[in-house]
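Visitor: What follows is the file start-v9.txt, containing compact mmCIF, C-alpha atoms:
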```
# COMPACT_ATOMS: atom_id res chain seq x y z
CA MET H 18 66.21 33.89 70.00
CA ALA H 19 69.44 35.55 71.19
CA LYS H 20 69.38 37.80 68.13
CA SER H 21 65.82 39.04 68.87
CA ILE H 22 66.76 39.81 72.49
CA GLY H 23 69.82 41.77 71.32
CA SER H 24 67.79 43.84 68.84
CA ARG H 25 65.17 44.46 71.53
CA ASN H 26 67.88 45.77 73.92
CA ALA H 27 69.32 47.97 71.17
CA ASN H 28 65.87 49.48 70.48
CA LEU H 29 65.35 50.07 74.21
CA LEU H 30 68.74 51.79 74.51
CA ARG H 31 67.96 54.00 71.51
CA LEU H 32 64.61 55.03 73.06
CA VAL H 33 66.32 55.95 76.34
CA GLU H 34 68.94 58.07 74.52
CA GLU H 35 66.26 59.83 72.46
CA ARG H 36 64.22 60.59 75.58
CA ALA H 37 67.26 61.95 77.42
CA LEU H 38 68.13 64.14 74.42
CA SER H 39 64.59 65.50 74.18
CA LYS H 40 64.64 66.39 77.91
CA LYS H 41 67.95 68.19 77.43
CA VAL H 42 66.54 70.22 74.52
CA GLU H 43 63.39 71.04 76.48
CA GLY H 44 65.47 72.15 79.47
CA LYS H 45 67.58 74.41 77.27
CA LYS H 46 64.48 75.97 75.74
CA ALA H 47 63.00 76.57 79.20
CA GLU H 48 66.23 78.24 80.31
CA GLU H 49 66.25 80.50 77.24
CA GLN H 50 62.61 81.44 77.84
CA HIS H 51 63.44 82.26 81.49
CA GLU H 52 66.31 84.50 80.40
CA GLU H 53 64.02 86.24 77.88
CA GLN H 54 61.51 86.87 80.66
CA GLN H 55 64.24 88.35 82.84
CA GLU H 56 65.36 90.63 80.03
CA THR H 57 61.83 92.06 79.86
CA VAL H 58 61.32 92.62 83.61
CA LEU H 59 61.18 96.38 83.04
CA PRO H 60 60.90 96.72 79.25
CA TYR H 61 59.87 100.38 79.41
CA LEU H 62 63.10 101.53 81.16
CA PRO H 63 66.27 101.93 79.07
CA LYS H 64 69.50 100.58 80.49
CA ASP H 65 70.89 104.05 81.22
CA CYS H 66 67.79 104.80 83.31
CA MET H 67 68.17 101.56 85.21
CA LEU H 68 71.82 102.39 85.85
CA LYS H 69 70.89 105.80 87.28
CA ILE H 70 68.36 104.12 89.60
CA LEU H 71 70.58 101.28 90.77
CA ILE H 72 73.62 103.52 91.26
CA ARG H 73 71.71 105.42 93.96
CA LEU H 74 70.96 102.37 96.07
CA PRO H 75 72.80 101.96 99.38
CA LEU H 76 75.62 99.43 99.41
CA GLN H 77 73.66 96.96 101.53
CA SER H 78 70.85 96.99 98.99
CA LEU H 79 73.20 96.62 96.02
CA SER H 80 74.64 93.40 97.43
CA SER H 81 71.21 91.73 97.34
CA THR H 82 69.75 93.58 94.34
CA LYS H 83 72.31 92.16 91.92
CA PHE H 84 70.83 88.69 92.51
CA VAL H 85 67.27 89.71 91.57
CA CYS H 86 67.81 88.81 87.94
CA LYS H 87 70.60 88.20 85.46
CA PRO H 88 70.33 91.59 83.67
CA TRP H 89 70.68 93.43 86.98
CA TYR H 90 73.61 91.22 87.98
CA ASN H 91 75.38 91.93 84.68
CA MET H 92 74.77 95.66 85.08
CA ILE H 93 75.91 95.97 88.71
CA THR H 94 79.06 93.89 88.13
CA SER H 95 79.97 95.68 84.88
CA ASP H 96 83.07 97.88 84.61
CA ASN H 97 80.96 100.91 83.76
CA PHE H 98 78.77 100.54 86.86
CA VAL H 99 81.80 100.04 89.15
CA ASP H 100 83.47 103.17 87.72
CA VAL H 101 80.36 105.34 88.01
CA HIS H 102 79.68 104.09 91.53
CA PHE H 103 83.28 104.82 92.56
CA ARG H 104 83.15 108.38 91.21
CA ARG H 105 79.93 109.05 93.15
CA SER H 106 81.12 107.57 96.46
CA GLU H 107 82.07 109.93 99.26
CA SER H 108 85.08 109.43 101.52
CA VAL H 109 84.69 107.74 104.89
CA LEU H 110 87.02 106.84 107.75
CA ILE H 111 87.51 103.12 108.23
CA PHE H 112 88.56 101.77 111.63
CA GLN H 113 88.57 98.63 113.78
CA LYS H 114 86.76 98.15 117.08
CA PRO H 115 88.62 95.66 119.31
CA VAL H 116 86.76 92.84 121.06
CA VAL H 117 88.41 90.28 123.35
CA SER H 118 87.87 86.69 122.18
CA ARG H 119 88.39 83.70 124.47
CA THR H 120 87.19 80.96 122.16
CA PRO H 121 89.82 78.43 121.01
CA THR H 122 89.12 79.17 117.35
CA SER H 123 89.04 82.92 117.88
CA TYR H 124 88.75 83.72 114.19
CA GLN H 125 85.31 82.12 114.04
CA PRO H 126 82.56 84.79 114.34
CA GLU H 127 80.24 84.81 117.35
CA LYS H 128 77.30 85.83 115.16
CA SER H 129 76.09 83.85 112.16
CA ASN H 130 75.63 86.97 110.00
CA THR H 131 79.22 88.16 110.59
CA PHE H 132 81.81 87.42 107.93
CA SER H 133 85.16 86.27 109.33
CA VAL H 134 88.20 87.05 107.19
CA GLU H 135 90.34 84.27 108.68
CA ALA H 136 87.53 81.69 108.59
CA SER H 137 87.07 82.32 104.87
CA LEU H 138 90.78 81.64 104.31
CA GLN H 139 90.83 78.60 106.61
CA PRO H 140 87.27 77.21 106.93
CA ARG H 141 88.39 74.32 109.13
CA PRO H 142 90.48 75.19 112.20
CA SER H 143 93.95 73.71 112.26
CA TYR H 144 94.96 71.14 114.85
CA SER H 145 97.12 73.65 116.73
CA SER H 146 94.37 76.31 116.85
CA ILE H 147 91.92 73.90 118.54
CA PHE H 148 94.20 73.73 121.59
CA ASP H 149 95.23 77.40 121.46
CA ASN H 150 93.53 78.93 124.52
CA ARG H 151 95.25 82.31 124.39
CA VAL H 152 93.11 85.41 124.92
CA ARG H 153 93.28 87.20 121.59
CA ARG H 154 91.91 90.45 120.28
CA LYS H 155 89.44 90.38 117.46
CA PHE H 156 88.50 93.43 115.45
CA TYR H 157 85.16 94.41 113.97
CA ILE H 158 85.62 96.59 110.89
CA GLN H 159 83.44 99.70 110.84
CA PHE H 160 83.40 103.08 109.15
CA MET H 161 82.36 106.67 109.83
CA GLU H 162 80.29 108.69 107.38
CA PHE H 163 80.23 112.48 107.50
CA LYS H 164 76.71 113.64 106.64
CA GLY H 165 74.99 116.95 107.33
CA GLY H 166 77.44 118.00 110.02
CA LYS H 167 77.14 114.68 111.85
CA ILE H 168 79.16 111.47 112.08
CA GLU H 169 77.28 108.22 111.51
CA THR H 170 79.03 104.97 112.40
CA GLU H 171 78.16 101.95 110.24
CA ARG H 172 79.23 98.31 110.19
CA TYR H 173 80.33 95.92 107.47
CA ASN H 174 79.46 92.84 109.59
CA LEU H 175 83.10 91.82 109.24
CA CYS H 176 85.55 90.58 111.83
CA CYS H 177 89.27 89.84 111.62
CA LEU H 178 92.33 89.27 113.78
CA GLY H 179 94.81 91.38 111.81
CA LYS H 180 95.14 95.16 111.78
CA ILE H 181 94.47 97.37 108.77
CA ARG H 182 97.78 98.62 107.37
CA ALA H 183 96.65 100.72 104.41
CA THR H 184 93.73 101.48 102.08
CA CYS H 185 93.35 102.27 98.38
CA ASN H 186 90.23 102.86 96.24
CA GLY H 187 87.99 100.80 98.53
CA LEU H 188 90.51 97.99 99.11
CA ILE H 189 92.17 97.42 102.49
CA LEU H 190 95.51 95.83 103.36
CA LEU H 191 95.32 93.59 106.45
CA ASP H 192 97.78 91.61 108.51
CA ASN H 193 97.23 87.88 108.03
CA ASP H 194 97.06 86.40 111.53
CA LEU H 195 97.15 82.87 110.12
CA LYS H 196 100.60 83.35 108.57
CA LYS H 197 103.42 85.28 110.20
CA GLY H 198 104.37 88.21 108.01
CA GLY H 199 101.53 87.50 105.59
CA LEU H 200 99.04 90.06 104.32
CA ILE H 201 95.49 90.09 103.00
CA VAL H 202 93.92 92.41 100.45
CA MET H 203 90.16 92.71 100.73
CA ASN H 204 87.20 94.75 99.58
CA PRO H 205 84.99 94.98 102.71
CA VAL H 206 81.91 95.76 100.61
CA THR H 207 82.09 92.82 98.19
CA ARG H 208 83.97 90.65 100.76
CA LYS H 209 86.30 89.49 98.02
CA LEU H 210 89.81 88.82 99.37
CA ILE H 211 93.18 87.40 98.50
CA ALA H 212 96.09 86.22 100.69
CA LEU H 213 99.58 87.55 99.94
CA PRO H 214 102.90 85.86 100.74
CA ALA H 215 105.04 87.02 103.64
CA GLY H 216 107.67 89.64 103.01
CA THR H 217 110.51 90.74 105.27
CA ILE H 218 109.40 90.52 108.89
CA ARG H 219 110.11 93.50 111.15
CA ARG H 220 108.63 94.97 114.31
CA PRO H 221 105.71 97.37 113.65
CA HIS H 222 107.62 100.47 114.82
CA ASN H 223 110.39 99.69 112.30
CA GLU H 224 108.24 99.40 109.18
CA SER H 225 105.60 101.15 107.11
CA PHE H 226 103.19 99.85 104.46
CA GLY H 227 101.86 101.76 101.47
CA PHE H 228 99.13 100.65 99.07
CA ALA H 229 98.55 102.37 95.73
CA LEU H 230 97.30 101.96 92.17
CA ASN H 231 99.86 102.11 89.38
CA GLU H 232 97.91 104.27 86.95
CA VAL H 233 100.30 103.38 84.11
CA THR H 234 99.77 99.61 84.25
CA GLY H 235 96.47 99.41 86.17
CA ASP H 236 98.04 97.12 88.80
CA TYR H 237 97.72 97.59 92.55
CA LYS H 238 101.01 97.63 94.43
CA VAL H 239 102.00 97.08 98.06
CA VAL H 240 105.09 98.99 99.24
CA HIS H 241 106.95 97.87 102.36
CA LEU H 242 109.56 100.10 103.99
CA PHE H 243 111.55 98.67 106.90
CA ARG H 244 114.68 99.43 108.87
CA ASP H 245 117.36 96.73 108.82
CA GLU H 246 119.86 95.78 111.52
CA LEU H 247 122.36 98.42 110.32
CA GLY H 248 119.81 101.23 110.44
CA TYR H 249 119.31 101.48 106.68
CA VAL H 250 115.77 101.82 105.37
CA SER H 251 115.14 99.14 102.76
CA CYS H 252 112.17 98.71 100.45
CA GLU H 253 110.35 95.83 98.80
CA THR H 254 107.26 95.94 96.60
CA LEU H 255 104.60 93.44 95.63
CA ASN H 256 102.47 93.61 92.51
CA LEU H 257 99.04 92.07 93.12
CA GLY H 258 99.11 90.66 89.59
CA THR H 259 102.17 88.51 90.29
CA ARG H 260 101.95 88.27 94.09
CA LYS H 261 105.73 88.23 94.37
CA TRP H 262 107.94 90.50 96.46
CA ARG H 263 110.86 92.23 94.79
CA GLU H 264 113.60 94.32 96.35
CA VAL H 265 114.02 97.91 95.18
CA ASN H 266 116.43 100.67 96.16
CA GLY H 267 115.22 102.44 99.29
CA PRO H 268 115.42 106.11 100.28
CA ALA H 269 118.68 107.87 101.16
CA PHE H 270 120.33 106.95 104.45
CA GLY H 271 119.40 109.09 107.44
CA VAL H 272 116.25 110.64 105.95
CA PHE H 273 113.78 108.58 107.99
CA GLY H 274 113.60 109.19 111.72
CA TRP H 275 110.46 107.14 112.34
CA PHE H 276 107.56 105.41 110.58
CA GLY H 277 104.68 106.83 112.62
CA TYR H 278 103.02 108.80 109.83
CA ARG H 279 101.11 106.75 107.27
CA PRO H 280 101.99 107.44 103.62
CA VAL H 281 99.63 109.47 101.43
CA SER H 282 98.90 108.44 97.84
CA ALA H 283 98.70 111.33 95.37
CA ILE H 284 100.08 112.50 91.99
CA GLY H 285 101.24 108.98 91.11
CA ALA H 286 103.38 108.48 94.20
CA LEU H 287 103.39 107.55 97.88
CA HIS H 288 104.57 110.26 100.25
CA TRP H 289 105.91 109.99 103.81
CA VAL H 290 106.65 112.64 106.44
CA PRO H 291 109.92 111.13 107.72
CA GLN H 292 110.35 112.87 111.09
CA ILE H 293 108.10 113.08 114.14
CA ASN H 294 108.65 116.85 114.27
CA HIS H 295 110.38 119.56 112.25
CA SER H 296 110.57 117.72 108.93
CA ASP H 297 111.91 119.99 106.20
CA CYS H 298 111.03 117.56 103.42
CA ILE H 299 108.87 114.59 102.50
CA VAL H 300 110.04 111.28 101.06
CA SER H 301 108.21 110.25 97.87
CA MET H 302 108.26 107.03 95.85
CA GLU H 303 106.85 107.11 92.33
CA VAL H 304 104.60 104.05 92.07
CA ASN H 305 105.44 103.15 88.46
CA SER H 306 109.23 103.67 88.45
CA GLU H 307 109.66 102.72 92.13
CA LYS H 308 112.25 105.48 92.55
CA PHE H 309 112.57 107.56 95.72
CA GLN H 310 113.17 111.27 96.00
CA THR H 311 113.02 113.92 98.71
CA ILE H 312 110.83 116.99 98.15
CA SER H 313 111.41 120.12 100.19
CA LEU H 314 108.42 121.55 102.03
CA PRO H 315 107.47 125.26 101.95
CA LYS H 316 108.15 125.36 105.69
CA SER H 317 109.16 122.91 108.41
CA CYS H 318 106.45 120.37 109.26
CA THR H 319 105.62 120.44 112.97
CA THR H 320 103.46 118.26 115.23
CA HIS H 321 100.03 119.50 114.10
CA ASP H 322 100.94 119.87 110.42
CA GLY H 323 100.55 117.14 107.81
CA ILE H 324 100.00 116.04 104.23
CA VAL H 325 96.71 114.85 102.71
CA GLU H 326 95.36 114.09 99.25
CA MET H 327 92.96 116.70 97.91
CA GLY H 328 91.35 116.42 94.48
CA GLY H 329 94.15 114.15 93.25
CA PHE H 330 96.88 116.59 94.31
CA LEU H 331 99.21 116.48 97.31
CA CYS H 332 98.30 119.02 99.98
CA PHE H 333 100.55 120.29 102.80
CA VAL H 334 98.73 121.83 105.77
CA ALA H 335 100.93 124.06 107.95
CA HIS H 336 100.10 126.08 111.08
CA ASP H 337 101.18 129.64 111.71
CA TYR H 338 101.31 129.66 115.50
CA GLN H 339 101.97 133.39 115.76
CA GLU H 340 99.01 134.53 113.65
CA LEU H 341 96.87 131.44 114.49
CA ASN H 342 96.32 130.76 110.79
CA ILE H 343 96.52 127.55 108.77
CA ASP H 344 98.19 127.72 105.35
CA ILE H 345 97.35 125.13 102.70
CA TRP H 346 99.86 124.39 99.95
CA ILE H 347 99.34 122.30 96.81
CA LEU H 348 101.80 120.19 94.79
CA LYS H 349 100.44 119.14 91.37
CA GLY H 350 103.25 116.92 90.11
CA LEU H 351 106.66 115.39 90.76
CA CYS H 352 108.57 116.72 87.77
CA ASN H 353 109.69 120.36 87.96
CA GLU H 354 106.65 121.32 90.02
CA ALA H 355 106.70 123.72 92.96
CA TRP H 356 104.45 124.16 95.96
CA THR H 357 101.82 126.85 95.49
CA LYS H 358 99.82 128.44 98.30
CA TYR H 359 96.21 127.46 97.78
CA HIS H 360 94.30 128.82 100.77
CA ARG H 361 94.58 130.33 104.26
CA ILE H 362 92.26 129.44 107.14
CA MET H 363 92.09 132.50 109.35
CA ARG H 364 92.15 132.48 113.14
CA SER H 365 92.03 128.75 113.76
CA VAL H 366 92.68 126.65 116.85
CA ILE H 367 96.35 125.65 116.96
CA ASP H 368 95.89 121.91 117.61
CA MET H 369 93.84 121.16 114.47
CA VAL H 370 95.46 118.13 112.81
CA PRO H 371 94.53 117.57 109.13
CA HIS H 372 93.01 114.11 108.67
CA PHE H 373 91.71 113.81 105.09
CA CYS H 374 89.54 115.51 102.43
CA LEU H 375 86.05 114.48 101.38
CA ARG H 376 86.09 113.39 97.73
CA ILE H 377 82.70 114.81 96.72
CA SER H 378 82.11 117.89 98.90
CA GLY H 379 85.78 118.86 98.97
CA ASP H 380 85.71 119.73 102.68
CA MET H 381 88.88 119.17 104.68
CA VAL H 382 88.38 117.22 107.90
CA PHE H 383 90.51 118.06 110.95
CA ARG H 384 90.73 116.41 114.34
CA ARG H 385 91.64 118.30 117.48
CA ASP H 386 94.60 116.91 119.33
CA GLU H 387 93.15 118.00 122.67
CA ASP H 388 89.85 116.10 122.75
CA GLY H 389 89.67 114.10 119.49
CA SER H 390 86.70 116.09 118.15
CA PHE H 391 86.24 116.44 114.36
CA TYR H 392 85.91 119.66 112.39
CA ALA H 393 85.17 120.21 108.70
CA TYR H 394 86.39 123.22 106.75
CA ASP H 395 84.23 124.41 103.84
CA PHE H 396 86.49 126.09 101.26
CA THR H 397 83.56 127.69 99.44
CA HIS H 398 82.06 129.47 102.46
CA LYS H 399 85.36 129.64 104.41
CA VAL H 400 83.76 128.18 107.52
CA MET H 401 85.15 125.71 110.06
CA THR H 402 82.35 123.66 111.67
CA LYS H 403 82.46 121.20 114.53
CA ILE H 404 81.01 117.81 113.55
CA GLU H 405 78.56 116.19 115.93
CA ARG H 406 79.30 112.64 116.96
CA GLU H 407 77.55 109.98 118.96
CA LYS H 408 78.53 109.29 122.55
CA GLY H 409 80.49 106.24 123.63
CA TRP H 410 83.71 104.61 122.49
CA PHE H 411 85.53 106.35 119.66
CA PRO H 412 88.67 105.16 117.85
CA PRO H 413 91.95 107.08 118.23
CA SER H 414 93.23 109.12 115.32
CA SER H 415 96.03 106.68 114.55
CA SER H 416 93.56 103.86 113.80
CA CYS H 417 91.28 105.84 111.44
CA LEU H 418 92.20 105.63 107.75
CA PRO H 419 90.67 107.49 104.79
CA HIS H 420 88.63 105.06 102.73
CA VAL H 421 85.90 104.90 100.09
CA ASN H 422 83.19 102.25 99.96
CA SER H 423 83.36 100.90 96.43
CA LEU H 424 82.88 97.79 94.29
CA VAL H 425 86.46 97.97 92.97
CA SER H 426 88.53 94.82 92.53
CA TRP H 427 92.33 94.46 92.35
CA GLU H 428 91.99 92.26 89.28
CA LYS H 429 92.63 93.79 85.91
CA ARG H 430 89.52 94.03 83.78
CA SER H 431 90.90 91.59 81.24
CA GLU H 432 91.31 89.08 84.08
CA CYS H 433 87.80 89.52 85.45
CA VAL H 434 85.38 86.87 84.28
```
Go ahead and render the structure in this file as C-alpha cells.
Guide:
Amino acid sequence: MAKSIGSRNANLLRLVEERALSKKVEGKKAEEQHEEQQETVLPYLPKDCMLKILIRLPLQSLSSTKFVCKPWYNMITSDNFVDVHFRRSESVLIFQKPVVSRTPTSYQPEKSNTFSVEASLQPRPSYSSIFDNRVRRKFYIQFMEFKGGKIETERYNLCCLGKIRATCNGLILLDNDLKKGGLIVMNPVTRKLIALPAGTIRRPHNESFGFALNEVTGDYKVVHLFRDELGYVSCETLNLGTRKWREVNGPAFGVFGWFGYRPVSAIGALHWVPQINHSDCIVSMEVNSEKFQTISLPKSCTTHDGIVEMGGFLCFVAHDYQELNIDIWILKGLCNEAWTKYHRIMRSVIDMVPHFCLRISGDMVFRRDEDGSFYAYDFTHKVMTKIEREKGWFPPSSSCLPHVNSLVSWEKRSECV
C-alpha cells in the first residue's frame, strides 16, 4: 500500500515538472515570435533609412521613441547613433534658474514630472534633512537655442541644489549638495548621473573646475585648480573611469591672479585666462599629459576680450579700441604652433564680449556688456546681427555655459552594456 502511494506521488511530481517545462518552452517561443514581429515592424525600410529618420527627431521624442520596440531601442542606444546625433547637434547655452524652496526636503521636486538630481541619489530623505528648515535655493536647469535670429528657452524638467561648474560634450559637472565637496556628472538629456568623491575643499573664488575628454584614452577628466594657504595654485585631477583624485604639478607660481574666467577646452587642452585684465598669456594644461604651460597671446587680453573654441581650435578674440575693430586669432596646436590672424570684424561696438561659437553654423555669439543682449557674427557674409530674445528674467553671462544636447555617456564603449 505504501509503495503504491509513493509511486503515485512520483508520477504526480513528474507530471508537474513536465507541465512546467512545457510552459517554459511555450513562453520562450512566444517571446521569440514577438521579437520577430518587432523586427518586421517596417520591413520595407533599411536600417540606414530608419537611422536618418530617427536622428532628426527632437530630443523629447527620442526619449520615448526608443521604447517603441526593441530594434528601435538598439538603434537609438547604439554607438553609431550617438556619434551621428552628436555631430548633428548644434551648440546651446545651458543655465540654471533659481527658485526659493522652503520645504524641509528641498531636493524633492514640487512637480511630479520634474526629475530631481539629489532625490535620485538619495531617494529617502535623511533624518537630519527632515528637520532642516533652512530656506534654500533650488535650480531648474534650462537651455537657450539660437534659431533663425531668435533665442528660444527650453527646459529639461530637471531640478538640483548644486551649481553647474563645467560642461563637456553634453555632460555637466554639478556640485553635490548632499556631500560637502562632492561633485556629480550628469547628462541632462538621458538623466544618467554618477556621484564623484570630494576633492580638496576651497572657497569658490579660490578654485576653478575644468571638464574635458582625453582623446588619447577616451576617458573624461575633471581638473580642479585651487589656491592653497600659501598662495600657490595647486591642481588635482579625477578620471571618471577610476573616480579617484590624484595630485599633479600645478602652474608656475604667480601666474594666476584670479579664477573668474572659466577654462576653454580645445586642441587637447584646457585653457585659462589667468588675470582679470591685461593678461599677456594664457595658462594651458594638456589633458593627457597633465602638464601646464603658459602661451603668450598676440596682444594683451583686456576686459572685453576672451578665448573660445571654434571648430576644434582655440580662438582669441581681441578688441582694437582705436579703430573699433575686433581681431580674431587662431591657435591650431600646442607644439611649435603660433597664433595666426584669422579674421577682422570691422567697426564693431567696443563692449562685445565673445561667448562661444555655434558648432554647426559656425557663427560666433557675443554678448554686450552694457545690456546683456546677444549678437551673432556670420563669418561667411561678414554680418553682425542682434538676436531677438523673449522678455522677462534672463540669466547673467557668468551663469551661461556653452553646451550641446547629446546622448553621450562618460562610460567607455567597452564598459557600456
Visitor: Find the residues with any atom within 10 Å of (105.0, 86.7, 98.1); use all atoms listed in the file and the coordinates as given in the file, and write the answer as a compact mmCIF listing (two decimals) with C-alpha atoms, in the frame of the given file.
Guide:
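This went into out_7.txt:
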```
# COMPACT_ATOMS: atom_id res chain seq x y z
CA GLY H 199 101.53 87.50 105.59
CA LEU H 200 99.04 90.06 104.32
CA ALA H 212 96.09 86.22 100.69
CA LEU H 213 99.58 87.55 99.94
CA PRO H 214 102.90 85.86 100.74
CA ALA H 215 105.04 87.02 103.64
CA GLY H 216 107.67 89.64 103.01
CA THR H 217 110.51 90.74 105.27
CA THR H 254 107.26 95.94 96.60
CA LEU H 255 104.60 93.44 95.63
CA ASN H 256 102.47 93.61 92.51
CA LEU H 257 99.04 92.07 93.12
CA THR H 259 102.17 88.51 90.29
CA ARG H 260 101.95 88.27 94.09
CA LYS H 261 105.73 88.23 94.37
CA TRP H 262 107.94 90.50 96.46
CA ARG H 263 110.86 92.23 94.79
```
Visitor: With only C-alpha atoms as the atoms that count, which of H:Gly274, H:Pro280, H:Pro291, H:Gly248 lies nearest to Leu418 (chain H)?
Guide: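 Closest to Leu418 (chain H), using only C-alpha atoms: H:Pro280.
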Visitor: Counting all atoms listed in the file, what is within 6 Å of Ser133 (chain H), bar same-chain residues fewer than 2 positions away, as a list in words?
Guide: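 Contacts, with the query itself left out: Pro126, Glu135, Ala136, Leu175, Cys176 and Cys177 of chain H.
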Visitor: Mind writing the picked residues with C-alpha atoms as a compact mmCIF listing (two decimals), in the coordinates of the input?
Guide:
```txt
# COMPACT_ATOMS: atom_id res chain seq x y z
CA PRO H 126 82.56 84.79 114.34
CA GLU H 135 90.34 84.27 108.68
CA ALA H 136 87.53 81.69 108.59
CA LEU H 175 83.10 91.82 109.24
CA CYS H 176 85.55 90.58 111.83
CA CYS H 177 89.27 89.84 111.62
```
